[in-house]
file input28.txt (compact mmCIF, C-alpha atoms)
# COMPACT_ATOMS: atom_id res chain seq x y z
CA MET T 1 -66.36 -33.73 162.34
CA GLU T 2 -65.93 -37.33 161.24
CA ASP T 3 -62.61 -38.51 159.97
CA GLY T 4 -61.94 -41.16 157.37
CA GLU T 5 -63.47 -41.31 153.97
CA HIS T 6 -64.52 -37.72 153.72
CA ASN T 7 -61.23 -36.13 154.54
CA GLY T 8 -58.71 -34.84 152.06
CA ASN T 9 -58.85 -31.63 150.07
CA GLY T 10 -57.33 -30.48 146.83
CA GLY T 11 -54.70 -27.82 147.24
CA GLY T 12 -53.43 -26.81 150.66
CA SER T 13 -55.35 -29.29 152.77
CA GLY T 14 -53.28 -28.59 155.89
CA ARG T 15 -54.38 -25.00 155.92
CA ASN T 16 -58.02 -25.93 155.76
CA VAL T 17 -58.10 -27.79 159.06
CA VAL T 18 -59.21 -25.59 161.96
CA ASP T 19 -58.92 -26.65 165.58
CA ILE T 20 -61.86 -25.57 167.71
CA TYR T 21 -62.41 -26.00 171.44
CA PRO T 22 -65.50 -26.66 173.52
CA LEU T 23 -67.50 -23.62 174.63
CA SER T 24 -66.92 -24.69 178.24
CA ARG T 25 -63.24 -23.80 177.87
CA TYR T 26 -64.01 -20.10 177.68
CA TYR T 27 -64.82 -17.63 180.43
CA PHE T 28 -67.38 -14.91 179.77
CA GLY T 29 -67.49 -11.73 181.84
CA SER T 30 -68.70 -8.19 181.42
CA LYS T 31 -67.33 -4.66 181.52
CA ASP T 32 -68.68 -1.14 181.22
CA ALA T 33 -71.04 -0.45 178.36
CA ILE T 34 -69.69 0.99 175.13
CA PRO T 35 -72.64 3.10 174.00
CA GLU T 36 -73.88 2.54 170.47
CA LYS T 37 -73.12 5.52 168.28
CA ASP T 38 -76.57 5.93 166.75
CA ASP T 39 -80.08 6.01 168.13
CA SER T 40 -81.81 5.13 164.90
CA LEU T 41 -81.11 3.75 161.48
CA ALA T 42 -81.57 7.20 159.96
CA ASP T 43 -78.92 8.61 162.31
CA ARG T 44 -76.59 5.83 161.35
CA ILE T 45 -76.96 6.45 157.62
CA GLN T 46 -76.34 10.14 158.10
CA ARG T 47 -73.23 9.48 160.12
CA LEU T 48 -71.89 7.03 157.55
CA LYS T 49 -72.49 9.48 154.73
CA ALA T 50 -70.61 12.23 156.57
CA SER T 51 -67.79 9.82 157.23
CA TYR T 52 -67.66 8.85 153.55
CA ALA T 53 -67.47 12.50 152.54
CA ALA T 54 -64.49 12.94 154.83
CA HIS T 55 -62.62 9.66 154.36
CA GLY T 56 -63.89 7.90 151.26
CA LEU T 57 -64.63 4.17 151.06
CA ARG T 58 -65.56 2.76 154.43
CA THR T 59 -63.72 -0.49 155.04
CA CYS T 60 -64.95 -2.70 157.88
CA VAL T 61 -63.29 -5.83 159.18
CA GLU T 62 -65.09 -8.51 161.15
CA GLY T 63 -64.01 -11.69 162.89
CA VAL T 64 -65.57 -15.14 162.68
CA LEU T 65 -64.71 -16.86 165.99
CA LEU T 66 -65.70 -20.50 166.41
CA VAL T 67 -66.27 -22.81 169.35
CA GLU T 68 -67.66 -26.32 169.61
CA LEU T 69 -70.89 -27.34 171.29
CA PHE T 70 -72.93 -30.52 170.71
CA GLN T 71 -70.37 -31.66 168.11
CA HIS T 72 -71.16 -28.71 165.88
CA PRO T 73 -69.28 -25.48 165.24
CA HIS T 74 -70.84 -22.34 166.75
CA VAL T 75 -70.07 -18.74 165.77
CA LEU T 76 -69.71 -16.05 168.43
CA LEU T 77 -72.16 -13.23 167.72
CA LEU T 78 -72.82 -9.99 169.59
CA GLN T 79 -76.43 -9.08 170.13
CA VAL T 80 -77.44 -5.43 170.50
CA LYS T 81 -80.62 -4.48 172.40
CA ASN T 82 -81.93 -8.04 172.36
CA SER T 83 -82.52 -7.87 168.64
CA PHE T 84 -79.82 -6.95 166.19
CA PHE T 85 -76.90 -9.40 165.62
CA LYS T 86 -73.41 -8.48 164.56
CA LEU T 87 -69.94 -9.96 164.28
CA PRO T 88 -67.18 -8.47 166.43
CA GLY T 89 -65.34 -5.89 164.34
CA GLY T 90 -65.67 -2.39 162.95
CA ARG T 91 -64.31 0.31 160.72
CA LEU T 92 -60.62 0.64 159.86
CA ARG T 93 -58.82 3.87 160.65
CA PRO T 94 -57.12 5.63 157.74
CA GLY T 95 -53.87 3.87 156.93
CA GLU T 96 -54.57 0.95 159.25
CA SER T 97 -54.09 -2.58 157.90
CA ASP T 98 -56.95 -5.11 157.91
CA ILE T 99 -55.26 -7.31 160.50
CA GLU T 100 -54.24 -4.50 162.87
CA GLY T 101 -57.69 -3.00 162.67
CA LEU T 102 -59.42 -6.30 163.36
CA LYS T 103 -57.23 -7.05 166.37
CA ARG T 104 -57.95 -3.60 167.73
CA LYS T 105 -61.70 -4.06 167.32
CA LEU T 106 -61.71 -7.56 168.77
CA SER T 107 -59.95 -6.35 171.89
CA ARG T 108 -62.27 -3.40 172.23
CA LYS T 109 -65.37 -5.58 172.13
CA LEU T 110 -64.16 -8.79 173.69
CA SER T 111 -61.30 -8.08 176.10
CA LEU T 112 -60.83 -6.43 179.45
CA ASP T 113 -57.69 -4.69 178.25
CA GLU T 114 -58.68 -2.72 175.18
CA SER T 115 -55.23 -1.64 174.25
CA CYS T 116 -54.69 -5.08 172.68
CA MET T 117 -50.97 -4.81 173.31
CA ASN T 118 -51.06 -7.98 175.36
CA ASP T 119 -53.84 -9.58 173.41
CA GLU T 120 -52.95 -12.27 170.99
CA TRP T 121 -55.52 -12.67 168.30
CA GLN T 122 -54.69 -15.17 165.59
CA VAL T 123 -56.31 -13.71 162.50
CA ASP T 124 -56.36 -16.20 159.67
CA GLU T 125 -57.50 -15.77 156.08
CA CYS T 126 -60.16 -13.55 154.65
CA ILE T 127 -63.18 -15.75 153.94
CA GLY T 128 -65.52 -13.28 152.27
CA ILE T 129 -65.95 -9.68 151.12
CA TRP T 130 -69.24 -7.74 150.83
CA TRP T 131 -69.80 -4.47 149.00
CA ARG T 132 -72.41 -1.76 149.36
CA SER T 133 -73.03 0.71 146.57
CA GLU T 134 -75.05 2.96 148.89
CA PHE T 135 -75.41 2.87 152.67
CA GLU T 136 -79.12 2.20 152.44
CA THR T 137 -78.85 -0.66 150.01
CA LEU T 138 -78.21 -4.34 150.58
CA PRO T 139 -74.66 -5.65 150.54
CA PHE T 140 -73.49 -7.90 147.69
CA PRO T 141 -70.60 -10.39 147.52
CA TYR T 142 -69.16 -8.64 144.45
CA LEU T 143 -68.85 -5.08 143.24
CA PRO T 144 -72.31 -4.48 141.74
CA PRO T 145 -72.07 -3.71 138.02
CA ASN T 146 -72.25 -0.01 137.26
CA THR T 147 -71.04 0.89 140.73
CA ARG T 148 -68.13 3.24 140.25
CA ARG T 149 -67.86 4.44 143.82
CA PRO T 150 -68.85 1.83 146.38
CA LYS T 151 -69.52 3.27 149.83
CA GLU T 152 -68.62 0.32 152.01
CA CYS T 153 -66.48 -2.78 151.85
CA ARG T 154 -66.84 -5.37 154.59
CA LYS T 155 -64.26 -8.13 155.00
CA LEU T 156 -64.78 -11.24 157.08
CA PHE T 157 -61.79 -13.04 158.59
CA LEU T 158 -61.51 -16.42 160.24
CA VAL T 159 -60.00 -16.01 163.73
CA ARG T 160 -58.41 -19.06 165.34
CA LEU T 161 -59.10 -19.16 169.06
CA PRO T 162 -56.63 -20.55 171.60
CA ARG T 163 -57.59 -23.46 173.85
CA ASN T 164 -58.96 -21.11 176.47
CA ARG T 165 -59.59 -17.41 176.82
CA GLN T 166 -61.44 -14.79 178.80
CA PHE T 167 -64.08 -12.91 176.88
CA VAL T 168 -65.10 -9.66 178.57
CA VAL T 169 -68.01 -8.00 176.82
CA PRO T 170 -69.54 -4.51 177.28
CA ASN T 171 -72.65 -4.96 179.40
CA ASN T 172 -74.95 -3.43 176.79
CA LEU T 173 -74.12 -6.31 174.47
CA LYS T 174 -74.72 -10.03 174.74
CA LEU T 175 -72.23 -12.53 173.37
CA LEU T 176 -73.90 -15.64 171.99
CA ALA T 177 -72.59 -18.89 170.53
CA VAL T 178 -74.90 -19.71 167.62
CA PRO T 179 -74.70 -23.02 165.73
CA LEU T 180 -73.96 -22.98 162.00
CA CYS T 181 -77.13 -24.98 161.35
CA GLN T 182 -79.17 -22.15 162.89
CA ILE T 183 -77.64 -19.28 160.93
CA HIS T 184 -77.52 -21.22 157.64
CA ASP T 185 -80.03 -19.78 155.19
CA ASN T 186 -81.56 -17.66 157.94
CA SER T 187 -81.22 -14.23 156.41
CA LYS T 188 -84.45 -13.12 158.04
CA THR T 189 -82.98 -13.28 161.55
CA TYR T 190 -79.29 -12.72 160.91
CA GLY T 191 -79.06 -10.78 157.63
CA PRO T 192 -77.33 -11.92 154.43
CA ILE T 193 -73.77 -11.58 155.73
CA ILE T 194 -74.03 -13.65 158.91
CA SER T 195 -76.42 -16.20 157.39
CA GLY T 196 -73.90 -16.74 154.57
CA ILE T 197 -71.07 -17.69 156.96
CA PRO T 198 -71.61 -21.48 156.83
CA GLN T 199 -71.07 -21.43 153.06
CA LEU T 200 -67.89 -19.40 153.48
CA LEU T 201 -66.63 -21.89 156.08
CA SER T 202 -67.65 -25.03 154.17
CA LYS T 203 -64.20 -25.71 152.74
CA PHE T 204 -62.72 -25.95 156.25
CA SER T 205 -62.65 -29.12 158.23
CA PHE T 206 -63.21 -28.53 161.97
CA ASN T 207 -61.26 -30.59 164.43
CA THR T 208 -62.65 -30.47 167.97
CA ILE T 209 -59.94 -30.71 170.60
CA HIS T 210 -61.35 -32.22 173.77
CA ASP T 211 -58.46 -33.10 176.09
CA MET W 1 -51.54 -17.24 155.39
CA VAL W 2 -50.29 -17.96 151.95
CA ALA W 3 -53.64 -18.04 150.18
CA THR W 4 -53.42 -17.17 146.52
CA THR W 5 -56.31 -14.80 146.24
CA SER W 6 -55.52 -13.37 142.85
CA VAL W 7 -57.13 -14.97 139.81
CA ASN W 8 -56.57 -14.05 136.17
CA MET W 9 -59.62 -13.86 133.95
CA TYR W 10 -59.71 -13.48 130.20
CA PRO W 11 -62.43 -12.24 127.87
CA LEU W 12 -64.99 -14.82 126.79
CA ALA W 13 -64.05 -13.99 123.20
CA ASN W 14 -60.65 -15.65 123.80
CA TYR W 15 -62.29 -19.03 123.98
CA THR W 16 -63.64 -21.09 121.11
CA PHE W 17 -66.42 -23.59 121.53
CA GLY W 18 -67.14 -26.57 119.34
CA THR W 19 -69.35 -29.60 119.71
CA LYS W 20 -68.80 -33.29 120.07
CA GLU W 21 -70.86 -36.42 120.36
CA PRO W 22 -73.70 -36.21 122.84
CA LYS W 23 -72.82 -37.42 126.31
CA MET W 24 -76.02 -38.89 127.58
CA GLU W 25 -76.66 -37.77 131.09
CA LYS W 26 -77.31 -40.79 133.22
CA ASP W 27 -80.11 -38.99 135.00
CA THR W 28 -82.62 -36.52 133.66
CA SER W 29 -83.89 -35.38 136.99
CA VAL W 30 -82.81 -35.08 140.56
CA ALA W 31 -85.14 -37.92 141.54
CA ASP W 32 -83.45 -40.25 139.06
CA ARG W 33 -80.08 -39.32 140.39
CA LEU W 34 -81.04 -39.98 143.97
CA ALA W 35 -82.42 -43.37 143.04
CA ARG W 36 -79.16 -44.26 141.35
CA MET W 37 -77.09 -42.98 144.23
CA LYS W 38 -78.88 -45.26 146.61
CA VAL W 39 -77.85 -48.31 144.67
CA ASN W 40 -74.28 -47.22 144.25
CA TYR W 41 -73.87 -45.83 147.71
CA LEU W 42 -71.59 -48.38 149.16
CA VAL W 43 -69.14 -48.22 146.35
CA LEU W 44 -69.01 -44.66 145.09
CA PHE W 45 -70.05 -41.81 147.23
CA HIS W 46 -67.73 -38.89 146.59
CA HIS W 47 -68.52 -36.32 143.94
CA SER W 48 -66.39 -33.50 142.76
CA TYR W 49 -67.48 -30.52 140.77
CA HIS W 50 -65.77 -27.40 139.61
CA ILE W 51 -66.26 -23.86 138.48
CA THR W 52 -64.46 -21.93 135.82
CA ILE W 53 -64.26 -18.23 135.46
CA GLY W 54 -64.19 -16.06 132.42
CA PHE W 55 -65.63 -12.69 131.53
CA PRO W 56 -67.38 -11.45 128.41
CA ASN W 57 -66.07 -8.88 126.08
CA ASN W 58 -69.39 -7.74 124.77
CA ALA W 59 -71.08 -4.43 124.35
CA ASP W 60 -73.34 -4.69 127.35
CA VAL W 61 -71.95 -2.13 129.76
CA GLN W 62 -73.73 -3.70 132.69
CA GLU W 63 -71.73 -6.87 132.45
CA HIS W 64 -68.43 -5.19 131.74
CA ASN W 65 -65.62 -6.63 133.82
CA HIS W 66 -67.96 -8.77 135.84
CA PRO W 67 -66.96 -12.39 136.37
CA HIS W 68 -68.99 -15.11 134.67
CA ILE W 69 -69.13 -18.80 135.46
CA LEU W 70 -69.40 -21.55 132.88
CA LEU W 71 -72.39 -23.79 133.45
CA LEU W 72 -73.72 -26.76 131.50
CA GLN W 73 -77.43 -26.70 130.78
CA ILE W 74 -79.32 -29.94 130.28
CA GLY W 75 -82.66 -29.62 128.57
CA ASN W 76 -84.32 -26.29 129.11
CA THR W 77 -83.64 -25.48 132.68
CA PHE W 78 -81.43 -27.75 134.73
CA CYS W 79 -77.96 -26.22 135.12
CA LYS W 80 -74.93 -27.85 136.58
CA LEU W 81 -71.24 -27.29 137.01
CA PRO W 82 -68.89 -29.36 134.85
CA GLY W 83 -67.66 -32.29 136.89
CA GLY W 84 -68.94 -35.54 138.24
CA ARG W 85 -68.43 -38.56 140.36
CA LEU W 86 -65.06 -39.87 141.46
CA LYS W 87 -64.06 -43.47 140.87
CA PRO W 88 -63.36 -45.46 144.02
CA GLY W 89 -59.97 -44.49 145.39
CA GLU W 90 -59.46 -41.81 142.74
CA ASN W 91 -57.57 -38.67 143.70
CA GLU W 92 -59.86 -35.60 143.72
CA ILE W 93 -57.72 -33.50 141.43
CA GLU W 94 -57.12 -36.29 138.93
CA GLY W 95 -60.80 -37.12 138.96
CA LEU W 96 -61.79 -33.54 138.34
CA LYS W 97 -59.39 -33.25 135.41
CA ARG W 98 -60.81 -36.45 133.99
CA LYS W 99 -64.36 -35.12 134.27
CA LEU W 100 -63.49 -31.74 132.79
CA SER W 101 -61.91 -33.39 129.77
CA SER W 102 -64.90 -35.64 129.42
CA LYS W 103 -67.40 -32.79 129.52
CA LEU W 104 -65.45 -29.97 127.90
CA GLY W 105 -62.35 -31.40 126.31
CA ALA W 106 -61.83 -31.94 122.60
CA ASN W 107 -61.93 -35.57 121.58
CA SER W 108 -58.65 -35.78 119.72
CA PRO W 109 -55.78 -37.36 121.63
CA SER W 110 -53.30 -34.92 120.11
CA PHE W 111 -55.02 -32.08 121.90
CA GLN W 112 -54.68 -32.77 125.60
CA GLN W 113 -56.01 -30.08 127.81
CA ASN W 114 -53.90 -29.15 130.77
CA TRP W 115 -56.43 -28.20 133.43
CA GLN W 116 -55.12 -25.98 136.21
CA ILE W 117 -57.06 -26.85 139.32
CA GLY W 118 -56.95 -24.19 142.03
CA GLU W 119 -58.22 -24.28 145.57
CA CYS W 120 -61.35 -25.80 146.96
CA VAL W 121 -63.92 -23.05 147.51
CA ALA W 122 -66.86 -24.95 148.95
CA VAL W 123 -67.94 -28.34 150.29
CA TRP W 124 -71.56 -29.51 150.50
CA TRP W 125 -72.95 -32.54 152.30
CA ARG W 126 -76.04 -34.61 151.73
CA PRO W 127 -76.89 -36.43 154.97
CA ASN W 128 -79.72 -38.61 153.63
CA PHE W 129 -81.18 -39.65 150.35
CA GLU W 130 -83.54 -36.69 150.41
CA THR W 131 -82.50 -33.77 148.25
CA ALA W 132 -81.27 -31.23 150.80
CA MET W 133 -77.57 -30.39 150.91
CA TYR W 134 -75.77 -28.42 153.61
CA PRO W 135 -72.48 -26.52 153.73
CA TYR W 136 -71.49 -28.50 156.83
CA CYS W 137 -71.94 -32.05 157.96
CA PRO W 138 -75.04 -31.81 160.20
CA PRO W 139 -74.53 -32.84 163.84
CA HIS W 140 -74.87 -36.55 164.57
CA ILE W 141 -74.53 -37.57 160.95
CA THR W 142 -71.77 -40.16 160.82
CA LYS W 143 -72.36 -41.52 157.31
CA PRO W 144 -73.30 -38.77 154.89
CA LYS W 145 -74.46 -40.05 151.52
CA GLU W 146 -72.79 -37.52 149.28
CA CYS W 147 -70.05 -34.96 149.45
CA LYS W 148 -69.73 -32.32 146.75
CA LYS W 149 -66.57 -30.23 146.48
CA LEU W 150 -66.22 -27.18 144.31
CA PHE W 151 -62.80 -26.18 142.98
CA LEU W 152 -61.73 -23.03 141.25
CA VAL W 153 -60.19 -23.80 137.84
CA HIS W 154 -57.75 -21.30 136.37
CA LEU W 155 -58.37 -21.01 132.66
CA PRO W 156 -55.48 -20.27 130.33
CA GLU W 157 -55.56 -17.17 128.17
CA ARG W 158 -56.98 -19.11 125.26
CA GLU W 159 -58.67 -22.47 125.08
CA PHE W 160 -60.87 -24.62 122.89
CA PHE W 161 -63.83 -26.34 124.51
CA ALA W 162 -65.85 -29.11 122.90
CA VAL W 163 -69.29 -29.44 124.41
CA PRO W 164 -71.44 -32.56 123.97
CA LYS W 165 -74.21 -31.77 121.48
CA ASN W 166 -76.97 -32.51 123.95
CA LEU W 167 -75.69 -29.89 126.39
CA LYS W 168 -75.44 -26.13 126.24
CA LEU W 169 -72.56 -24.25 127.78
CA LEU W 170 -73.56 -20.94 129.32
CA ALA W 171 -71.50 -18.09 130.75
CA VAL W 172 -73.55 -16.70 133.63
CA PRO W 173 -72.61 -13.53 135.52
CA LEU W 174 -72.25 -13.69 139.30
CA PHE W 175 -75.01 -11.14 139.82
CA GLU W 176 -77.42 -13.47 138.04
CA LEU W 177 -76.53 -16.38 140.31
CA TYR W 178 -76.55 -14.51 143.62
CA ASP W 179 -79.62 -15.27 145.71
CA ASN W 180 -81.25 -17.04 142.77
CA VAL W 181 -81.93 -20.34 144.52
CA SER W 182 -85.10 -21.10 142.60
CA ARG W 183 -83.29 -21.05 139.26
CA TYR W 184 -79.88 -22.46 140.15
CA GLY W 185 -80.24 -24.30 143.45
CA PRO W 186 -78.46 -23.64 146.74
CA VAL W 187 -75.00 -24.76 145.63
CA ILE W 188 -74.59 -22.71 142.47
CA SER W 189 -76.48 -19.65 143.76
CA THR W 190 -74.06 -19.26 146.66
CA ILE W 191 -70.90 -19.38 144.56
CA PRO W 192 -70.65 -15.54 144.45
CA GLN W 193 -70.15 -15.39 148.24
CA GLN W 194 -67.49 -18.09 148.09
CA LEU W 195 -65.62 -16.20 145.38
CA SER W 196 -65.95 -12.81 147.04
CA ARG W 197 -62.55 -12.96 148.71
CA PHE W 198 -60.71 -13.42 145.41
CA GLN W 199 -59.36 -10.56 143.45
CA PHE W 200 -60.09 -11.07 139.78
CA ASN W 201 -57.62 -9.53 137.38
CA MET W 202 -59.34 -8.80 134.11
CA VAL W 203 -56.70 -9.41 131.48
CA SER W 204 -57.78 -8.11 128.09
CA SER W 205 -55.64 -8.71 125.08
call {"tool": "encode", "arguments": {"input": "input28.txt", "output": "structure tokens"}}
result
Amino acid sequence: MEDGEHNGNGGGSGRNVVDIYPLSRYYFGSKDAIPEKDDSLADRIQRLKASYAAHGLRTCVEGVLLVELFQHPHVLLLQVKNSFFKLPGGRLRPGESDIEGLKRKLSRKLSLDESCMNDEWQVDECIGIWWRSEFETLPFPYLPPNTRRPKECRKLFLVRLPRNRQFVVPNNLKLLAVPLCQIHDNSKTYGPIISGIPQLLSKFSFNTIHD
Amino acid sequence: MVATTSVNMYPLANYTFGTKEPKMEKDTSVADRLARMKVNYLVLFHHSYHITIGFPNNADVQEHNHPHILLLQIGNTFCKLPGGRLKPGENEIEGLKRKLSSKLGANSPSFQQNWQIGECVAVWWRPNFETAMYPYCPPHITKPKECKKLFLVHLPEREFFAVPKNLKLLAVPLFELYDNVSRYGPVISTIPQQLSRFQFNMVSS
């Protein structure tokens, strides 16, 4: 990101600078598959409905992890079955905080040691929240009017990566680094939540550390 | 992480709107504006815009407690956020306050509005003189032509706005803006996502 005349923010400019490191700094390995819970979309909806009946509002937390490649920020996405893309994350357990839950999920999907006791994830601010009034319907970035009992709330968090790290991914998933310019406005391939990430990140200024 | 994510919002009925002398828009279309930008490029190239939040206290149940954004409408269709171009060397916050007073402030000097500018919620870049803007500076662009920053403005419980006669001030609900690129353009139609992380406290009197 160029320095100079287009630097400077109003309000809390220090916070809005994010250091990112080249993709080449990171090691990618694989571990045993974590089987997907559902075979079909219908199964998934049924499972979510049963879960809602038991636990109420489903809160999911997801991490936006960034690396640099070709002078442009890239987001790390997991790809399931060569088609479906998702962010690393998942559902919170009852009573679990957003941050604890996200760290737990990140370790489960991206680390060799899933206990995350030794894992140090730096979870930064929440950058966006999406709401679903029914499990079958599209998510919206606000509580849809007339929705008294939303079924799902999904929170996206910026995660600051250290200068290097080992990513160990279940072998039924692929971990990809996708440039912001490719996901921007591309709801058809990535869905509304992932394709909206560049707009949620726009206030940040990315500082690539090369040394 | 000390982000202030809580924002107070007051009913639209708390605010009074009057009119003032027309403020002629320098450009009546995007093409005009691009032509002008080209000429001024070397001297002035930062823009700042803002958004304000309020919510209506009307009988329509659908819109109850749903945040609305104030937009200025020029002519019959073109909507924009209150704001404008910075002077060379001008501080962003000072410039935004200046523009807000110019577009929405009452003319009398005894009535100085004290605008409370909150955090920046979005930044858009225009790499070339074509119309497309992006929420990132595209790779290999070293001299973008325009930078547009959106700031959240915290409105006080009550306020008087004076709108130039040639403009209309609209309060538009977030659900109307979301995904509505054809009507509002890519910058305004994506504001709902950028506001999604805030918790809006509806304060009714």
call {"tool": "closest_residue", "arguments": {"input": "input28.txt", "among": "T:Cys181, T:Ala53, T:Val169, T:Ala33", "to": "Ser107 of chain T", "atoms": "only C-alpha atoms"}}
result
T:Val169
call {"tool": "interface_residues", "arguments": {"input": "input28.txt", "of": "chain W", "to": "chain T", "cutoff": "8 Å", "atoms": "only C-alpha atoms", "output": "NGL selection string"}}
result
:W and (1 or 3 or 46 or 61-64 or 66 or 92-93 or 118-124 or 135-140 or 142 or 147 or 151 or 174-175 or 190 or 192-197)
call {"tool": "write_last_selection", "arguments": {"input": "input28.txt", "atoms": "C-alpha atoms", "output": "mmCIF file, in the coordinates of the input"}}
result
data_model
loop_
_atom_site.group_PDB
_atom_site.id
_atom_site.type_symbol
_atom_site.label_atom_id
_atom_site.label_comp_id
_atom_site.auth_asym_id
_atom_site.auth_seq_id
_atom_site.Cartn_x
_atom_site.Cartn_y
_atom_site.Cartn_z
ATOM 1 C CA MET W 1 -51.540 -17.240 155.390
ATOM 2 C CA ALA W 3 -53.640 -18.040 150.180
ATOM 3 C CA HIS W 46 -67.730 -38.890 146.590
ATOM 4 C CA VAL W 61 -71.950 -2.130 129.760
ATOM 5 C CA GLN W 62 -73.730 -3.700 132.690
ATOM 6 C CA GLU W 63 -71.730 -6.870 132.450
ATOM 7 C CA HIS W 64 -68.430 -5.190 131.740
ATOM 8 C CA HIS W 66 -67.960 -8.770 135.840
ATOM 9 C CA GLU W 92 -59.860 -35.600 143.720
ATOM 10 C CA ILE W 93 -57.720 -33.500 141.430
ATOM 11 C CA GLY W 118 -56.950 -24.190 142.030
ATOM 12 C CA GLU W 119 -58.220 -24.280 145.570
ATOM 13 C CA CYS W 120 -61.350 -25.800 146.960
ATOM 14 C CA VAL W 121 -63.920 -23.050 147.510
ATOM 15 C CA ALA W 122 -66.860 -24.950 148.950
ATOM 16 C CA VAL W 123 -67.940 -28.340 150.290
ATOM 17 C CA TRP W 124 -71.560 -29.510 150.500
ATOM 18 C CA PRO W 135 -72.480 -26.520 153.730
ATOM 19 C CA TYR W 136 -71.490 -28.500 156.830
ATOM 20 C CA CYS W 137 -71.940 -32.050 157.960
ATOM 21 C CA PRO W 138 -75.040 -31.810 160.200
ATOM 22 C CA PRO W 139 -74.530 -32.840 163.840
ATOM 23 C CA HIS W 140 -74.870 -36.550 164.570
ATOM 24 C CA THR W 142 -71.770 -40.160 160.820
ATOM 25 C CA CYS W 147 -70.050 -34.960 149.450
ATOM 26 C CA PHE W 151 -62.800 -26.180 142.980
ATOM 27 C CA LEU W 174 -72.250 -13.690 139.300
ATOM 28 C CA PHE W 175 -75.010 -11.140 139.820
ATOM 29 C CA THR W 190 -74.060 -19.260 146.660
ATOM 30 C CA PRO W 192 -70.650 -15.540 144.450
ATOM 31 C CA GLN W 193 -70.150 -15.390 148.240
ATOM 32 C CA GLN W 194 -67.490 -18.090 148.090
ATOM 33 C CA LEU W 195 -65.620 -16.200 145.380
ATOM 34 C CA SER W 196 -65.950 -12.810 147.040
ATOM 35 C CA ARG W 197 -62.550 -12.960 148.710
#
call {"tool": "residues_near_point", "arguments": {"input": "input28.txt", "point": "(-63.6, -4.5, 180.9)", "cutoff": "7 Å", "atoms": "only C-alpha atoms", "output": "list in words"}}
result
Ser30, Lys31, Asp32, Ser111, Leu112, Asp113, Val168, Val169 and Pro170 of chain T
call {"tool": "atom_distance", "arguments": {"input": "input28.txt", "atom1": "atom CA of Glu96 of chain T", "atom2": "atom CA of Asp43 of chain T"}}
result
25.7 Å
call {"tool": "residues_around", "arguments": {"input": "input28.txt", "residues": "Leu65 of chain T", "least_positions_apart": "3", "cutoff": "6 Å", "atoms": "only C-alpha atoms", "output": "list of chain:residue names"}}
result
T:Val75, T:Leu76, T:Val159
call {"tool": "closest_residue", "arguments": {"input": "input28.txt", "among": "T:Lys188, T:Val18, T:Ile45, T:Arg58", "to": "Phe135 of chain T", "atoms": "only C-alpha atoms"}}
result
T:Ile45
call {"tool": "closest_residue", "arguments": {"input": "input28.txt", "among": "W:Leu71, W:Val181, W:Val203, W:Ala132", "to": "Val163 of chain W", "atoms": "only C-alpha atoms"}}
result
W:Leu71
call {"tool": "closest_residue", "arguments": {"input": "input28.txt", "among": "T:Gln166, T:Asn82, T:Thr59, T:Ser40", "to": "Tyr27 of chain T", "atoms": "only C-alpha atoms"}}
result
T:Gln166
call {"tool": "closest_residue", "arguments": {"input": "input28.txt", "among": "T:Ile194, T:Lys49, T:Leu102, T:Tyr21", "to": "Gln182 of chain T", "atoms": "only C-alpha atoms"}}
result
T:Ile194
call {"tool": "decode", "arguments": {"input": "input28.txt", "residues": "segment 42-51 of chain T", "atoms": "N, CA and C atoms", "output": "compact mmCIF listing (two decimals), in the first residue's frame"}}
result
# COMPACT_ATOMS: atom_id res chain seq x y z
N ALA T 42 -30.14 -29.97 2.66
CA ALA T 42 -31.36 -30.29 3.41
C ALA T 42 -31.01 -30.84 4.80
N ASP T 43 -30.02 -31.72 4.83
CA ASP T 43 -29.55 -32.26 6.11
C ASP T 43 -29.09 -31.13 7.01
N ARG T 44 -28.33 -30.23 6.40
CA ARG T 44 -27.75 -29.14 7.19
C ARG T 44 -28.86 -28.29 7.82
N ILE T 45 -29.86 -27.94 7.03
CA ILE T 45 -30.95 -27.10 7.53
C ILE T 45 -31.69 -27.81 8.66
N GLN T 46 -31.88 -29.10 8.51
CA GLN T 46 -32.56 -29.85 9.56
C GLN T 46 -31.75 -29.85 10.85
N ARG T 47 -30.45 -30.03 10.69
CA ARG T 47 -29.59 -30.05 11.87
C ARG T 47 -29.58 -28.69 12.56
N LEU T 48 -29.53 -27.62 11.77
CA LEU T 48 -29.51 -26.29 12.36
C LEU T 48 -30.82 -25.99 13.09
N LYS T 49 -31.93 -26.45 12.52
CA LYS T 49 -33.22 -26.21 13.15
C LYS T 49 -33.32 -26.94 14.49
N ALA T 50 -32.81 -28.16 14.53
CA ALA T 50 -32.83 -28.94 15.78
C ALA T 50 -31.95 -28.25 16.82
N SER T 51 -30.83 -27.75 16.35
CA SER T 51 -29.91 -27.07 17.26
C SER T 51 -30.54 -25.79 17.80
